[in-house]
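Coordinates as given in structure.tsv (TSV, C-alpha atoms):
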chain	number	residue	atom	x	y	z
A	276	MET	CA	-7.13	-9.37	9.74
A	277	THR	CA	-5.17	-12.51	9.07
A	278	GLN	CA	-2.01	-13.47	7.26
A	279	SER	CA	-2.35	-14.65	3.69
A	280	GLN	CA	-3.12	-18.32	3.23
A	281	PRO	CA	-2.68	-20.55	0.17
A	282	GLY	CA	-5.42	-19.66	-2.30
A	283	ASP	CA	-5.77	-16.20	-0.72
A	284	ALA	CA	-5.90	-13.32	-3.21
A	285	LEU	CA	-2.75	-11.91	-1.58
A	286	SER	CA	-0.83	-15.03	-2.64
A	287	ARG	CA	-2.05	-15.31	-6.24
A	288	PRO	CA	1.05	-15.81	-8.41
A	289	GLU	CA	-0.19	-13.51	-11.20
A	290	ARG	CA	-0.81	-10.69	-8.69
A	291	LEU	CA	2.60	-11.14	-7.09
A	292	GLU	CA	4.24	-11.18	-10.54
A	293	ALA	CA	2.49	-7.89	-11.39
A	294	VAL	CA	3.69	-6.37	-8.10
A	295	ALA	CA	7.25	-7.56	-8.80
A	296	ALA	CA	7.10	-5.95	-12.26
A	297	LEU	CA	6.22	-2.48	-10.91
A	298	ASP	CA	8.57	0.33	-11.90
A	299	VAL	CA	10.20	1.40	-8.64
A	300	SER	CA	12.94	3.48	-10.23
A	301	ALA	CA	13.90	6.76	-8.58
A	302	ASP	CA	12.12	8.72	-11.35
A	303	ALA	CA	8.91	6.71	-10.92
A	304	MET	CA	9.00	7.13	-7.14
A	305	ARG	CA	9.53	10.91	-7.47
A	306	ALA	CA	6.56	11.13	-9.87
A	307	LEU	CA	4.42	9.07	-7.49
A	308	GLU	CA	5.42	11.26	-4.54
A	309	ASP	CA	4.60	14.43	-6.56
A	310	LEU	CA	1.18	13.00	-7.46
A	311	LEU	CA	0.51	12.03	-3.84
A	312	VAL	CA	1.35	15.56	-2.66
A	313	GLU	CA	-0.86	17.12	-5.35
A	314	VAL	CA	-3.85	14.90	-4.57
A	315	SER	CA	-3.49	15.20	-0.78
A	316	ASP	CA	-3.30	19.01	-1.15
A	317	ASP	CA	-6.37	19.06	-3.42
A	318	LEU	CA	-8.34	16.92	-0.97
A	319	ASP	CA	-6.90	18.68	2.11
A	320	LEU	CA	-5.67	15.40	3.60
A	321	PRO	CA	-3.09	15.58	6.40
A	322	ILE	CA	-2.05	11.96	5.81
A	323	ALA	CA	-1.81	10.14	2.49
A	324	VAL	CA	-0.14	6.86	1.57
A	325	VAL	CA	0.34	4.91	-1.65
A	326	SER	CA	1.01	1.31	-0.74
A	327	VAL	CA	1.58	-2.01	-2.44
A	328	VAL	CA	0.46	-5.17	-0.68
A	329	MET	CA	2.70	-8.16	-1.17
A	330	GLY	CA	1.85	-11.55	0.30
A	331	GLU	CA	3.03	-10.84	3.84
A	332	ALA	CA	3.85	-7.13	3.83
A	333	GLN	CA	2.54	-3.77	2.76
A	334	GLN	CA	5.19	-1.37	1.46
A	335	PHE	CA	4.62	2.38	1.37
A	336	LEU	CA	5.81	3.61	-2.02
A	337	ALA	CA	4.95	7.22	-1.19
A	338	SER	CA	3.63	8.84	1.95
A	339	ARG	CA	2.92	12.17	3.54
A	340	GLY	CA	2.08	13.04	7.11
A	341	LEU	CA	3.10	9.77	8.74
A	342	GLY	CA	5.02	10.15	11.97
A	343	GLY	CA	7.09	8.15	14.40
A	344	TRP	CA	8.10	4.57	13.72
A	345	LEU	CA	5.54	4.20	10.92
A	346	ALA	CA	7.31	6.84	8.84
A	347	ALA	CA	10.67	5.22	9.51
A	348	VAL	CA	9.77	1.66	8.50
A	349	ASP	CA	7.95	2.42	5.20
A	350	GLY	CA	5.49	-0.44	5.58
A	351	THR	CA	3.63	-2.86	7.81
A	352	PRO	CA	2.77	-6.54	7.91
A	353	SER	CA	-0.14	-7.18	5.52
A	354	GLU	CA	-2.30	-8.36	8.43
A	355	TRP	CA	-2.28	-4.75	9.71
A	356	SER	CA	-3.22	-3.38	6.31
A	357	PHE	CA	-6.60	-2.02	5.30
A	358	CYS	CA	-5.37	-2.46	1.72
A	359	ALA	CA	-5.13	-6.24	2.14
A	360	ASN	CA	-8.91	-6.26	2.53
A	361	VAL	CA	-9.27	-4.43	-0.78
A	362	VAL	CA	-7.10	-7.06	-2.49
A	363	ARG	CA	-8.97	-9.95	-0.89
A	364	ASP	CA	-12.48	-8.59	-1.45
A	365	GLU	CA	-11.75	-6.82	-4.76
A	366	ALA	CA	-13.97	-4.00	-3.48
A	367	PRO	CA	-13.52	-0.64	-1.77
A	368	PHE	CA	-12.87	-0.68	1.96
A	369	VAL	CA	-14.32	2.39	3.66
A	370	VAL	CA	-12.84	3.49	6.98

This entry written out as structure tokens:
Amino acid sequence: MTQSQPGDALSRPERLEAVAALDVSADAMRALEDLLVEVSDDLDLPIAVVSVVMGEAQQFLASRGLGGWLAAVDGTPSEWSFCANVVRDEAPFVV
């Protein structure tokens, strides 16, 4: 995985504007966390993450089951992110 480059889907101004406009209020984050817990319980998933990929970083908006330093930092560089591939390819990324 590589860092975003000019013209890369990760750097598209309209995508970054949409990310910046996301509602990250405490109420929205609580609702997102509740939904994540419900879905991960329904699917019996020990780890679940809702992330947003910016140009250079992926931020975890809600997570469950992460441990160690990953739980503490609430995100990763986008080059480590599976989700960056989804943004770039505009297609599912199956692991």

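Every protein, DNA or RNA residue with an atom at most 10 Å from stretch 284-296 of chain A, where only C-alpha atoms count and chain neighbours fewer than 6 positions away do not, is listed here: A:Gln278, A:Val327, A:Val328, A:Met329, A:Gly330, A:Glu331, A:Ala332, A:Ser353, A:Ala359, A:Asn360, A:Val361, A:Val362, A:Arg363, A:Asp364, A:Glu365.
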
Same residues, C-alpha atoms, output as a PDB file, keeping the file's coordinate frame:
ATOM      1  CA  GLN A 278      -2.010 -13.470   7.260  1.00  0.00           C
ATOM      2  CA  VAL A 327       1.580  -2.010  -2.440  1.00  0.00           C
ATOM      3  CA  VAL A 328       0.460  -5.170  -0.680  1.00  0.00           C
ATOM      4  CA  MET A 329       2.700  -8.160  -1.170  1.00  0.00           C
ATOM      5  CA  GLY A 330       1.850 -11.550   0.300  1.00  0.00           C
ATOM      6  CA  GLU A 331       3.030 -10.840   3.840  1.00  0.00           C
ATOM      7  CA  ALA A 332       3.850  -7.130   3.830  1.00  0.00           C
ATOM      8  CA  SER A 353      -0.140  -7.180   5.520  1.00  0.00           C
ATOM      9  CA  ALA A 359      -5.130  -6.240   2.140  1.00  0.00           C
ATOM     10  CA  ASN A 360      -8.910  -6.260   2.530  1.00  0.00           C
ATOM     11  CA  VAL A 361      -9.270  -4.430  -0.780  1.00  0.00           C
ATOM     12  CA  VAL A 362      -7.100  -7.060  -2.490  1.00  0.00           C
ATOM     13  CA  ARG A 363      -8.970  -9.950  -0.890  1.00  0.00           C
ATOM     14  CA  ASP A 364     -12.480  -8.590  -1.450  1.00  0.00           C
ATOM     15  CA  GLU A 365     -11.750  -6.820  -4.760  1.00  0.00           C
TER      16      GLU A 365
END

From atom CA of A:Val299 to atom CA of A:Glu313 the spacing works out at 19.5 Å

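With distances taken over all atoms listed in the file, A:Ser338 is the one residue among A:Ser338, A:Ser326, A:Gln333, A:Thr351 lying closest to A:Glu308.
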
Could you give me the centre and size, in Å to one decimal, of an axis-aligned box around all listed atoms of stretch 359-363 of chain A with 4 Å added on every side, as AutoDock Vina command-line options?
--center_x -7.2 --center_y -7.2 --center_z 0.0 --size_x 12.1 --size_y 13.5 --size_z 13.0

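For the pair atom CA of A:Pro367 and atom CA of A:Asp283, the separation is 17.4 Å.
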
Of the residues A:Ala366, A:Ala346, A:Leu307, A:Leu341, which is the one nearest to A:Val325, using only C-alpha atoms? A:Leu307

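Nearest to A:Ile322 of all the residues A:Cys358, A:Asp309, A:Gly340, A:Phe368 is A:Gly340, counting only C-alpha atoms.
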
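The spacing separating atom CA of A:Val314 from atom CA of A:Trp355 amounts to 24.3 Å.
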
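The shortest atom-to-atom distance to A:Gln334, with all atoms listed in the file taken into account, belongs to A:Gly350 out of A:Asp319, A:Arg305, A:Val370, A:Gly350.
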